[in-house]
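Peer 1: For reference, the file upload.cif (mmCIF, C-alpha atoms) is included below:
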data_input
loop_
_atom_site.label_atom_id
_atom_site.label_comp_id
_atom_site.auth_asym_id
_atom_site.auth_seq_id
_atom_site.Cartn_x
_atom_site.Cartn_y
_atom_site.Cartn_z
CA MET A 1 -3.39 12.93 25.35
CA PHE A 2 -5.21 14.81 22.56
CA LYS A 3 -5.48 11.55 20.59
CA ASN A 4 -7.04 9.77 23.58
CA LEU A 5 -9.52 12.62 24.03
CA VAL A 6 -10.59 12.48 20.37
CA GLU A 7 -11.01 8.70 20.53
CA LYS A 8 -13.21 9.03 23.61
CA ILE A 9 -15.43 11.54 21.81
CA ILE A 10 -15.71 10.03 18.30
CA GLY A 11 -14.30 6.52 18.87
CA THR A 12 -11.40 4.67 17.27
CA TYR A 13 -11.19 4.07 13.51
CA SER A 14 -12.51 0.50 13.91
CA GLU A 15 -15.43 1.70 16.05
CA ARG A 16 -16.38 4.34 13.46
CA GLU A 17 -16.21 1.80 10.64
CA LEU A 18 -18.38 -0.65 12.59
CA LYS A 19 -21.01 2.07 13.06
CA ARG A 20 -21.16 2.49 9.27
CA ILE A 21 -21.58 -1.27 8.80
CA MET A 22 -24.31 -1.74 11.42
CA PRO A 23 -27.19 -0.45 9.20
CA ILE A 24 -26.28 -3.10 6.60
CA VAL A 25 -26.28 -5.78 9.30
CA ASP A 26 -29.72 -4.57 10.45
CA LYS A 27 -31.02 -4.95 6.88
CA ILE A 28 -29.74 -8.53 6.72
CA GLU A 29 -31.36 -9.34 10.07
CA ALA A 30 -34.68 -7.83 8.94
CA LEU A 31 -34.74 -10.15 5.89
CA GLU A 32 -34.45 -13.33 7.99
CA PRO A 33 -38.20 -14.00 8.50
CA GLY A 34 -38.85 -13.68 4.76
CA MET A 35 -36.03 -16.11 3.93
CA LYS A 36 -37.31 -18.63 6.45
CA ALA A 37 -40.69 -18.64 4.69
CA LEU A 38 -39.14 -19.68 1.35
CA SER A 39 -39.07 -23.30 0.21
CA ASP A 40 -35.72 -24.92 -0.64
CA ALA A 41 -36.39 -24.45 -4.36
CA GLU A 42 -37.34 -20.79 -3.88
CA LEU A 43 -34.22 -20.16 -1.78
CA ARG A 44 -32.06 -21.86 -4.40
CA SER A 45 -33.66 -19.80 -7.19
CA LYS A 46 -32.36 -16.64 -5.49
CA THR A 47 -28.97 -17.34 -7.07
CA ASP A 48 -30.40 -17.02 -10.59
CA GLU A 49 -32.32 -13.92 -9.51
CA PHE A 50 -29.17 -12.25 -8.19
CA ARG A 51 -27.26 -13.04 -11.39
CA ARG A 52 -30.05 -11.57 -13.49
CA ARG A 53 -30.12 -8.41 -11.38
CA LEU A 54 -26.36 -8.01 -11.73
CA LYS A 55 -26.65 -8.26 -15.52
CA GLU A 56 -29.38 -5.61 -15.41
CA GLY A 57 -26.99 -3.16 -13.80
CA GLN A 58 -27.26 -3.64 -10.05
CA THR A 59 -24.00 -3.87 -8.08
CA LEU A 60 -22.81 -6.41 -5.54
CA ASP A 61 -23.33 -3.83 -2.82
CA ASP A 62 -26.95 -3.43 -3.94
CA ILE A 63 -27.73 -7.13 -3.47
CA LEU A 64 -25.41 -7.71 -0.48
CA PRO A 65 -28.08 -7.71 2.28
CA GLU A 66 -30.31 -10.19 0.42
CA ALA A 67 -27.38 -12.41 -0.67
CA PHE A 68 -26.03 -12.60 2.88
CA ALA A 69 -29.53 -13.39 4.19
CA VAL A 70 -29.83 -16.20 1.64
CA VAL A 71 -26.49 -17.73 2.64
CA ARG A 72 -27.41 -17.44 6.29
CA GLU A 73 -30.69 -19.33 5.77
CA ALA A 74 -29.01 -21.94 3.53
CA SER A 75 -26.41 -22.55 6.22
CA VAL A 76 -29.13 -23.15 8.81
CA ARG A 77 -30.88 -25.66 6.56
CA VAL A 78 -27.79 -27.51 5.33
CA LEU A 79 -25.36 -27.34 8.26
CA GLY A 80 -27.56 -26.30 11.16
CA MET A 81 -25.28 -23.29 11.65
CA ARG A 82 -26.59 -19.71 11.77
CA HIS A 83 -24.36 -16.68 11.16
CA TYR A 84 -24.30 -14.36 14.17
CA ARG A 85 -24.12 -10.56 13.89
CA VAL A 86 -20.34 -10.56 14.42
CA GLN A 87 -20.01 -12.99 11.51
CA LEU A 88 -22.17 -10.81 9.29
CA ILE A 89 -19.91 -7.87 10.14
CA GLY A 90 -16.83 -9.94 9.28
CA GLY A 91 -18.38 -10.95 5.96
CA ILE A 92 -19.08 -7.32 5.00
CA VAL A 93 -15.52 -6.29 5.89
CA LEU A 94 -14.06 -9.11 3.77
CA HIS A 95 -16.30 -8.19 0.84
CA GLN A 96 -14.93 -4.65 1.05
CA GLY A 97 -11.41 -6.01 0.58
CA ARG A 98 -10.26 -5.27 4.10
CA ILE A 99 -8.71 -7.34 6.88
CA ALA A 100 -11.08 -8.77 9.47
CA GLU A 101 -9.46 -9.81 12.74
CA MET A 102 -11.62 -12.33 14.57
CA LYS A 103 -11.07 -14.15 17.83
CA THR A 104 -10.74 -17.92 18.11
CA GLY A 105 -14.19 -19.49 18.13
CA GLU A 106 -15.94 -16.68 16.24
CA GLY A 107 -16.31 -18.91 13.19
CA LYS A 108 -14.00 -17.54 10.50
CA THR A 109 -14.71 -20.52 8.26
CA LEU A 110 -18.44 -19.76 8.23
CA VAL A 111 -17.82 -16.02 7.81
CA ALA A 112 -16.05 -16.59 4.49
CA THR A 113 -19.13 -18.21 2.94
CA LEU A 114 -20.92 -14.83 2.83
CA PRO A 115 -18.50 -12.78 0.66
CA LEU A 116 -17.45 -15.85 -1.36
CA TYR A 117 -21.04 -16.51 -2.42
CA LEU A 118 -21.68 -12.84 -3.16
CA ASN A 119 -18.55 -12.35 -5.28
CA ALA A 120 -18.99 -15.67 -7.09
CA LEU A 121 -22.34 -14.48 -8.47
CA GLU A 122 -20.58 -12.47 -11.19
CA GLY A 123 -19.29 -15.74 -12.67
CA LYS A 124 -15.64 -14.66 -12.58
CA GLY A 125 -14.54 -17.01 -9.79
CA ALA A 126 -13.78 -16.50 -6.11
CA HIS A 127 -10.85 -18.06 -4.23
CA LEU A 128 -10.31 -19.01 -0.60
CA VAL A 129 -6.57 -19.19 0.11
CA THR A 130 -5.50 -21.18 3.16
CA VAL A 131 -2.23 -22.47 4.60
CA ASN A 132 -2.38 -26.23 4.02
CA ASP A 133 -4.07 -28.99 2.05
CA TYR A 134 -5.97 -30.30 5.07
CA LEU A 135 -7.78 -27.02 5.73
CA ALA A 136 -8.47 -26.44 2.05
CA ARG A 137 -9.98 -29.92 1.65
CA ARG A 138 -11.94 -29.76 4.91
CA ASP A 139 -13.42 -26.32 4.28
CA SER A 140 -14.27 -27.00 0.63
CA GLU A 141 -16.20 -30.14 1.59
CA TRP A 142 -17.80 -28.66 4.71
CA MET A 143 -18.78 -25.22 3.43
CA GLY A 144 -19.22 -26.56 -0.09
CA LYS A 145 -22.57 -28.00 1.00
CA ILE A 146 -23.92 -24.45 1.31
CA TYR A 147 -22.69 -23.42 -2.14
CA ASN A 148 -23.96 -26.60 -3.79
CA PHE A 149 -27.36 -26.13 -2.15
CA LEU A 150 -27.50 -22.66 -3.71
CA GLY A 151 -26.45 -23.92 -7.14
CA LEU A 152 -22.77 -22.94 -7.16
CA SER A 153 -19.88 -25.24 -8.03
CA VAL A 154 -16.89 -25.72 -5.72
CA GLY A 155 -13.32 -26.63 -6.74
CA LEU A 156 -10.28 -27.73 -4.74
CA ILE A 157 -6.62 -27.10 -5.59
CA VAL A 158 -4.20 -29.34 -3.67
CA HIS A 159 -0.90 -31.09 -4.36
CA GLY A 160 -0.96 -33.96 -6.83
CA LEU A 161 -3.54 -32.73 -9.35
CA ASP A 162 -2.84 -32.83 -13.08
CA ASN A 163 -3.46 -29.86 -15.39
CA ALA A 164 -6.92 -31.01 -16.48
CA GLN A 165 -8.04 -31.36 -12.84
CA ARG A 166 -6.63 -27.96 -11.97
CA LYS A 167 -8.31 -26.28 -14.93
CA LYS A 168 -11.64 -27.81 -13.92
CA ALA A 169 -11.22 -26.66 -10.30
CA TYR A 170 -10.37 -23.09 -11.35
CA ALA A 171 -13.40 -23.01 -13.64
CA CYS A 172 -15.70 -23.54 -10.63
CA ASP A 173 -17.62 -20.66 -9.07
CA ILE A 174 -15.65 -20.98 -5.83
CA THR A 175 -12.17 -22.52 -5.48
CA TYR A 176 -10.41 -23.50 -2.25
CA GLY A 177 -6.66 -24.10 -2.17
CA THR A 178 -3.32 -23.33 -0.57
CA ASN A 179 -1.16 -20.28 -1.16
CA ASN A 180 1.66 -22.45 -2.53
CA GLU A 181 -0.56 -24.18 -5.09
CA PHE A 182 -2.17 -20.93 -6.25
CA GLY A 183 1.25 -19.29 -6.48
CA PHE A 184 2.91 -22.10 -8.41
CA ASP A 185 -0.02 -22.41 -10.80
CA TYR A 186 0.33 -18.68 -11.52
CA LEU A 187 4.06 -19.10 -12.20
CA ARG A 188 3.52 -22.16 -14.40
CA ASP A 189 0.81 -20.33 -16.37
CA ASN A 190 3.35 -17.61 -17.14
CA MET A 191 5.70 -20.20 -18.62
CA VAL A 192 3.34 -22.01 -21.00
CA ILE A 193 3.63 -21.49 -24.76
CA TYR A 194 -0.05 -21.82 -25.64
CA LYS A 195 -2.86 -20.01 -23.87
CA GLU A 196 -5.02 -23.15 -23.76
CA ASP A 197 -2.38 -24.81 -21.56
CA MET A 198 -3.02 -22.26 -18.78
CA VAL A 199 -5.05 -23.58 -15.83
CA GLN A 200 -6.07 -20.34 -14.10
CA ARG A 201 -8.50 -17.81 -15.49
CA ASP A 202 -8.38 -14.06 -14.83
CA LEU A 203 -8.09 -13.38 -11.10
CA HIS A 204 -11.18 -11.70 -9.62
CA TYR A 205 -11.70 -12.03 -5.85
CA ALA A 206 -9.89 -13.89 -3.07
CA ILE A 207 -10.04 -14.25 0.69
CA VAL A 208 -6.74 -15.07 2.42
CA ASP A 209 -7.14 -17.10 5.60
CA GLU A 210 -4.49 -16.47 8.29
CA VAL A 211 -3.30 -13.49 6.24
CA ASP A 212 -0.50 -12.63 8.68
CA SER A 213 1.00 -16.10 8.26
CA ILE A 214 0.68 -16.23 4.47
CA LEU A 215 1.69 -12.66 3.60
CA ILE A 216 4.39 -12.25 6.27
CA ASP A 217 5.74 -15.58 7.56
CA GLU A 218 5.29 -17.61 4.38
CA ALA A 219 6.41 -14.71 2.20
CA ARG A 220 9.91 -15.01 3.62
CA THR A 221 10.29 -18.18 1.54
CA PRO A 222 10.04 -17.21 -2.14
CA LEU A 223 8.21 -19.28 -4.74
CA ILE A 224 10.82 -20.26 -7.31
CA ILE A 225 10.11 -22.29 -10.42
CA SER A 226 12.23 -23.16 -13.42
CA GLY A 227 11.67 -24.82 -16.75
CA ALA A 228 13.04 -28.21 -17.67
CA GLY A 229 16.69 -28.31 -18.69
CA GLU A 230 17.58 -28.59 -22.36
CA LYS A 231 19.02 -32.05 -21.85
CA SER A 232 19.28 -34.51 -18.99
CA THR A 233 22.70 -35.06 -17.50
CA ASP A 234 24.30 -37.64 -15.25
CA LEU A 235 26.83 -35.07 -14.06
CA TYR A 236 24.91 -34.74 -10.77
CA ILE A 237 25.36 -38.46 -10.17
CA LYS A 238 29.06 -38.34 -11.05
CA ALA A 239 29.61 -35.28 -8.84
CA ASN A 240 27.77 -37.01 -6.00
CA ALA A 241 29.90 -40.15 -6.36
CA PHE A 242 33.03 -38.00 -6.21
CA VAL A 243 31.98 -35.93 -3.18
CA SER A 244 30.88 -39.07 -1.32
CA ARG A 245 34.55 -40.17 -1.25
CA LEU A 246 35.84 -36.92 0.25
CA ARG A 247 36.62 -36.06 3.86
CA ALA A 248 35.01 -32.93 5.29
CA LYS A 249 36.05 -30.52 8.01
CA VAL A 250 33.04 -28.79 9.61
CA PHE A 251 33.21 -25.39 11.31
CA THR A 252 30.24 -24.15 13.29
CA GLU A 253 31.75 -20.69 13.88
CA THR A 254 33.66 -18.70 11.28
CA ASP A 255 36.15 -17.58 13.94
CA ASP A 256 37.22 -21.17 14.53
CA ARG A 257 38.58 -21.55 11.04
CA GLN A 258 42.22 -22.35 10.46
CA PRO A 259 44.08 -21.31 7.29
CA ASP A 260 42.98 -23.67 4.51
CA ASP A 261 46.56 -24.85 3.96
CA ASP A 262 46.63 -26.29 7.50
CA ILE A 263 43.39 -28.25 7.19
CA ASP A 264 43.68 -31.98 6.63
CA ALA A 265 40.44 -32.43 4.68
CA ASP A 266 39.16 -32.39 1.12
CA TYR A 267 36.49 -29.77 1.67
CA ILE A 268 35.39 -27.30 4.33
CA VAL A 269 31.86 -26.85 5.60
CA ASP A 270 31.23 -23.50 7.27
CA GLU A 271 27.79 -23.73 8.86
CA LYS A 272 27.66 -20.11 9.95
CA ALA A 273 28.54 -18.79 6.49
CA ASN A 274 26.44 -21.57 4.90
CA THR A 275 29.24 -22.54 2.51
CA ALA A 276 30.96 -25.76 1.41
CA THR A 277 34.20 -25.41 -0.57
CA LEU A 278 37.02 -27.64 -1.78
CA THR A 279 40.46 -27.31 -0.23
CA GLU A 280 43.55 -27.41 -2.45
CA LYS A 281 43.77 -31.12 -1.73
CA GLY A 282 40.12 -31.52 -2.78
CA VAL A 283 40.67 -29.54 -5.98
CA ALA A 284 43.58 -31.81 -6.90
CA LYS A 285 41.43 -34.89 -6.30
CA ALA A 286 38.63 -33.42 -8.45
CA GLU A 287 41.03 -32.74 -11.33
CA GLN A 288 42.35 -36.28 -11.13
CA TYR A 289 38.89 -37.88 -10.77
CA PHE A 290 37.32 -36.01 -13.70
CA GLY A 291 40.47 -35.98 -15.84
CA VAL A 292 40.77 -32.20 -16.20
CA GLU A 293 43.95 -30.16 -16.09
CA ASN A 294 42.59 -27.11 -14.27
CA LEU A 295 39.19 -27.11 -12.52
CA ALA A 296 39.17 -23.30 -12.53
CA ASP A 297 39.27 -23.05 -16.34
CA PRO A 298 36.15 -21.41 -17.84
CA GLU A 299 35.52 -24.57 -19.88
CA ASN A 300 35.11 -26.49 -16.63
CA LEU A 301 32.57 -24.05 -15.18
CA THR A 302 29.66 -26.50 -15.47
CA LEU A 303 31.64 -29.29 -13.81
CA SER A 304 32.73 -26.95 -11.01
CA HIS A 305 29.12 -25.86 -10.45
CA HIS A 306 27.91 -29.48 -10.15
CA ILE A 307 30.70 -30.30 -7.68
CA ASN A 308 29.85 -27.23 -5.57
CA GLN A 309 26.17 -28.21 -5.44
CA ALA A 310 27.11 -31.75 -4.44
CA LEU A 311 29.29 -30.31 -1.66
CA LYS A 312 26.32 -28.27 -0.38
CA ALA A 313 24.03 -31.28 -0.59
CA HIS A 314 26.39 -33.36 1.54
CA GLY A 315 27.79 -30.71 3.86
CA LEU A 316 24.87 -28.36 4.52
CA MET A 317 21.57 -29.99 3.57
CA LYS A 318 20.59 -32.47 6.26
CA ARG A 319 17.82 -35.01 5.80
CA ASP A 320 14.85 -34.53 8.18
CA ARG A 321 16.03 -30.97 8.87
CA GLU A 322 16.16 -29.03 5.58
CA TYR A 323 14.22 -31.69 3.70
CA VAL A 324 12.54 -35.08 4.01
CA VAL A 325 12.28 -38.00 1.60
CA LYS A 326 8.70 -39.16 1.10
CA ASP A 327 7.66 -41.79 -1.45
CA GLY A 328 11.03 -41.43 -3.14
CA GLU A 329 10.64 -37.65 -3.51
CA VAL A 330 12.77 -34.95 -1.87
CA ILE A 331 10.42 -32.46 -0.17
CA ILE A 332 11.64 -29.18 1.31
CA VAL A 333 10.82 -28.36 4.94
CA ASP A 334 9.89 -24.71 5.56
CA GLU A 335 12.52 -23.37 7.97
CA PHE A 336 10.03 -20.98 9.60
CA THR A 337 6.91 -23.15 9.98
CA GLY A 338 8.23 -26.72 9.75
CA ARG A 339 5.62 -27.51 7.10
CA LEU A 340 6.38 -29.70 4.09
CA MET A 341 6.45 -27.57 0.95
CA PHE A 342 5.17 -29.88 -1.75
CA GLY A 343 5.97 -28.77 -5.27
CA ARG A 344 8.86 -26.48 -4.30
CA ARG A 345 12.41 -27.20 -5.45
CA TYR A 346 15.76 -25.71 -4.53
CA SER A 347 17.22 -23.61 -7.34
CA ASP A 348 20.52 -23.73 -9.26
CA GLY A 349 20.67 -27.52 -9.35
CA LEU A 350 20.83 -27.98 -5.57
CA HIS A 351 17.62 -30.02 -5.58
CA GLN A 352 19.02 -32.39 -8.22
CA ALA A 353 22.23 -32.70 -6.19
CA ILE A 354 20.21 -33.71 -3.11
CA GLU A 355 18.24 -36.21 -5.22
CA ALA A 356 21.53 -37.71 -6.44
CA LYS A 357 22.76 -37.89 -2.85
CA GLU A 358 19.60 -39.70 -1.71
CA GLY A 359 19.74 -42.07 -4.67
#
Represent the supplied structure as structure tokens.

Peer 2:
Amino acid sequence: MFKNLVEKIIGTYSERELKRIMPIVDKIEALEPGMKALSDAELRSKTDEFRRRLKEGQTLDDILPEAFAVVREASVRVLGMRHYRVQLIGGIVLHQGRIAEMKTGEGKTLVATLPLYLNALEGKGAHLVTVNDYLARRDSEWMGKIYNFLGLSVGLIVHGLDNAQRKKAYACDITYGTNNEFGFDYLRDNMVIYKEDMVQRDLHYAIVDEVDSILIDEARTPLIISGAGEKSTDLYIKANAFVSRLRAKVFTETDDRQPDDDIDADYIVDEKANTATLTEKGVAKAEQYFGVENLADPENLTLSHHINQALKAHGLMKRDREYVVKDGEVIIVDEFTGRLMFGRRYSDGLHQAIEAKEG
């Protein structure tokens, strides 16, 4: 009750913060007539002016009202779209490094142009992180017209680019891309031997679109990357050929399981426990097939690992459910969102086992 009384008197936290932002919004609005009077060349020259003022010691907050007013006018001229007050508020909140929750139709895509332009003026790069390649490509081309008009370069990071293309995109003033691509590039950069092989530069400023999805939903699936093996092996193919000949017994509930000795199958798939294991009969067949005396010997650890991964690939990993095959490539399907996760691979050799299974 006391909390409700206080909120009625002084407002909620969001309401108090908005009151602090309103004077800045009023300054931006007051600059609109002056910006309208500028020619295209004069409006474009504002970018160089802002950069000079930053070098002379002014801060981003000092030039924020003018920079936002410039972007607003450029958007009107290039796209025919004018930022409303609610979008100016959103832009200020994002520049301050906070979360801005906006309703559908309030123009989040246009909002991002304000803080991206402002923070790109320092020449250290600004990123827009989104959830898929389509949105990254669409927004970089659509909003990129504003940045290009104002003399800034725009890069795009999507699946399928080589290192030279990625390096060029990251060197741009503003870079659009997906969370997966940014994340994997960061991991790969931490694995290179020579600094010149890195594609990213020092991270400076980023806006995360659909932040709840990317930092909560997507975060449940870790980004895992590994270096190339020391030598190629056909053991995955041999293990796959062996497992393909075996008979499986599938249990959907752990409680349904019989003692392994009573099961007439070569391996057991337990979907609830997410395991696939050889029975005694299967172990005997493996020892005969690979010509080893005891599969459990430490010297046969690598062979046993490859067989186990082949069992998982056949027993647990279903095509068009856990993964799809597109253009001859095995692509993981995100279990939470259903999206294709280009560039990601299962760890511990499971991905290679699936590739061997799919031929």

Peer 1: Taking (-29.3, -12.6, -2.5) in the file's coordinates, which residues come within 6 Å, counting all atoms listed in the file, written as a compact mmCIF listing (two decimals) with C-alpha atoms, in the frame of the given file?

Peer 2:
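Written output follows (part_36.txt):
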# COMPACT_ATOMS: atom_id res chain seq x y z
CA LYS A 46 -32.36 -16.64 -5.49
CA PHE A 50 -29.17 -12.25 -8.19
CA ILE A 63 -27.73 -7.13 -3.47
CA GLU A 66 -30.31 -10.19 0.42
CA ALA A 67 -27.38 -12.41 -0.67
CA VAL A 70 -29.83 -16.20 1.64

Peer 1: Please, what distance in Å, to one decimal, runs between CA of Ile157 (chain A) and CA of Phe182 (chain A)?

Peer 2: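 These two atoms are separated by 7.6 Å.
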
Peer 1: From the list A:Ile224, A:Leu203, A:Ala273, A:Ile268, which residue is nearest Tyr346 (chain A) when using only C-alpha atoms?

Peer 2: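 Of the candidates, the smallest distance to Tyr346 (chain A) is held by A:Ile224.
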
Peer 1: I need the residue set behind the PyMOL selection byres ((chain A and resi 154) around 12) for this file; please write it as an NGL selection string.

Peer 2: :A and (113 or 116-117 or 120 or 125-128 or 136-137 or 139-153 or 155-157 or 168-177)

Peer 1: Would you mind listing what lies within 12 Å of region 210-216 of chain A as a list in words, with all atoms listed in the file counted and same-chain residues fewer than 6 positions away left out?

Peer 2: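 So the residues in contact are Leu94, Arg98, Ile99, Ala100, Glu101, Met102, Lys103, Thr104, Lys108, Thr109, Leu128, Val129, Thr130, Val131, Asn132, Leu135, Thr178, Asn179, Asn180, Gly183, Pro222, Phe336 and Thr337 of chain A.
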
Peer 1: Taking (12.4, -30.6, 5.6) in the file's own coordinates, collect the residues within 9 Å, counting all atoms listed in the file, and hand them back as a list in words.

Peer 2: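 With a cut-off of 9 Å, the residues come to Lys318, Arg319, Asp320, Arg321, Glu322, Tyr323, Val324, Val325, Val330, Ile331, Ile332, Val333, Asp334, Glu335, Gly338, Arg339, Leu340 and Met341 of chain A.
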
Peer 1: Could you write out the selected residues, including C-alpha atoms, as a PDB file, in the coordinates of the input?

Peer 2:
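As a result, selection25.pdb now contains:
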ATOM      1  CA  LYS A 318      20.590 -32.470   6.260  1.00  0.00           C
ATOM      2  CA  ARG A 319      17.820 -35.010   5.800  1.00  0.00           C
ATOM      3  CA  ASP A 320      14.850 -34.530   8.180  1.00  0.00           C
ATOM      4  CA  ARG A 321      16.030 -30.970   8.870  1.00  0.00           C
ATOM      5  CA  GLU A 322      16.160 -29.030   5.580  1.00  0.00           C
ATOM      6  CA  TYR A 323      14.220 -31.690   3.700  1.00  0.00           C
ATOM      7  CA  VAL A 324      12.540 -35.080   4.010  1.00  0.00           C
ATOM      8  CA  VAL A 325      12.280 -38.000   1.600  1.00  0.00           C
ATOM      9  CA  VAL A 330      12.770 -34.950  -1.870  1.00  0.00           C
ATOM     10  CA  ILE A 331      10.420 -32.460  -0.170  1.00  0.00           C
ATOM     11  CA  ILE A 332      11.640 -29.180   1.310  1.00  0.00           C
ATOM     12  CA  VAL A 333      10.820 -28.360   4.940  1.00  0.00           C
ATOM     13  CA  ASP A 334       9.890 -24.710   5.560  1.00  0.00           C
ATOM     14  CA  GLU A 335      12.520 -23.370   7.970  1.00  0.00           C
ATOM     15  CA  GLY A 338       8.230 -26.720   9.750  1.00  0.00           C
ATOM     16  CA  ARG A 339       5.620 -27.510   7.100  1.00  0.00           C
ATOM     17  CA  LEU A 340       6.380 -29.700   4.090  1.00  0.00           C
ATOM     18  CA  MET A 341       6.450 -27.570   0.950  1.00  0.00           C
TER      19      MET A 341
END

Peer 1: To one decimal in Å, tell me the separation between CA of Thr47 (chain A) and CA of Val199 (chain A).

Peer 2: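 CA of Val199 (chain A) lies 26.2 Å from CA of Thr47 (chain A).
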
Peer 1: Apply the PyMOL selection byres ((chain A and resi 280) around 10) to the displayed file and report the matching residues as JSON, numbers by chain.

Peer 2: {"A": [260, 261, 263, 265, 266, 267, 277, 278, 279, 281, 282, 283, 284, 285, 286]}

Peer 1: Just how far from CA of Val71 (chain A) is CA of Leu114 (chain A), in Å to one decimal?

Peer 2: 6.3 Å

Peer 1: Counting all atoms listed in the file, what is within 12 Å of Gln96 (chain A), bar same-chain residues fewer than 5 positions away, as JSON, numbers by chain?

Peer 2: {"A": [17, 21, 60, 61, 64, 89, 90, 91, 114, 115, 116, 118, 119, 205, 206, 207]}

Peer 1: With all atoms listed in the file as the counted atoms, please give the residues lying no more than 10 Å from Leu223 (chain A), apart from itself and same-chain residues fewer than 3 positions off, as a PyMOL selection string.

Peer 2: chain A and resi 180+183-184+187+218-220+343-346

Peer 1: May I ask you to restore all heavy atoms in region 117-122 of chain A and write the result as a short mmCIF file (atom, residue, chain, number, x, y, z; two decimals), in the frame of the given file?

Peer 2:
data_model
loop_
_atom_site.label_atom_id
_atom_site.label_comp_id
_atom_site.auth_asym_id
_atom_site.auth_seq_id
_atom_site.Cartn_x
_atom_site.Cartn_y
_atom_site.Cartn_z
N TYR A 117 -19.81 -16.32 -1.64
CA TYR A 117 -21.04 -16.51 -2.42
C TYR A 117 -21.36 -15.24 -3.21
O TYR A 117 -21.63 -15.29 -4.41
CB TYR A 117 -22.20 -16.86 -1.48
CG TYR A 117 -23.56 -16.87 -2.17
CD1 TYR A 117 -23.95 -17.94 -2.97
CD2 TYR A 117 -24.43 -15.79 -2.05
CE1 TYR A 117 -25.19 -17.95 -3.60
CE2 TYR A 117 -25.66 -15.78 -2.69
CZ TYR A 117 -26.04 -16.87 -3.46
OH TYR A 117 -27.25 -16.86 -4.10
N LEU A 118 -21.33 -14.11 -2.52
CA LEU A 118 -21.68 -12.84 -3.16
C LEU A 118 -20.79 -12.56 -4.36
O LEU A 118 -21.27 -12.22 -5.45
CB LEU A 118 -21.57 -11.70 -2.14
CG LEU A 118 -21.82 -10.28 -2.67
CD1 LEU A 118 -23.25 -10.14 -3.16
CD2 LEU A 118 -21.52 -9.25 -1.58
N ASN A 119 -19.48 -12.69 -4.20
CA ASN A 119 -18.55 -12.35 -5.28
C ASN A 119 -18.49 -13.41 -6.38
O ASN A 119 -18.05 -13.11 -7.49
CB ASN A 119 -17.15 -12.10 -4.70
CG ASN A 119 -17.05 -10.76 -4.01
OD1 ASN A 119 -16.75 -9.75 -4.64
ND2 ASN A 119 -17.33 -10.73 -2.71
N ALA A 120 -18.94 -14.62 -6.06
CA ALA A 120 -18.99 -15.67 -7.09
C ALA A 120 -20.16 -15.49 -8.04
O ALA A 120 -20.18 -16.07 -9.13
CB ALA A 120 -19.07 -17.05 -6.42
N LEU A 121 -21.13 -14.66 -7.65
CA LEU A 121 -22.34 -14.48 -8.47
C LEU A 121 -22.04 -13.84 -9.82
O LEU A 121 -22.80 -14.00 -10.77
CB LEU A 121 -23.36 -13.62 -7.71
CG LEU A 121 -24.00 -14.27 -6.48
CD1 LEU A 121 -24.83 -13.25 -5.71
CD2 LEU A 121 -24.87 -15.46 -6.89
N GLU A 122 -20.93 -13.12 -9.92
CA GLU A 122 -20.58 -12.47 -11.19
C GLU A 122 -20.03 -13.46 -12.21
O GLU A 122 -19.82 -13.11 -13.37
CB GLU A 122 -19.56 -11.36 -10.94
CG GLU A 122 -20.15 -10.17 -10.19
CD GLU A 122 -19.16 -9.03 -10.05
OE1 GLU A 122 -18.02 -9.29 -9.60
OE2 GLU A 122 -19.51 -7.89 -10.38
#
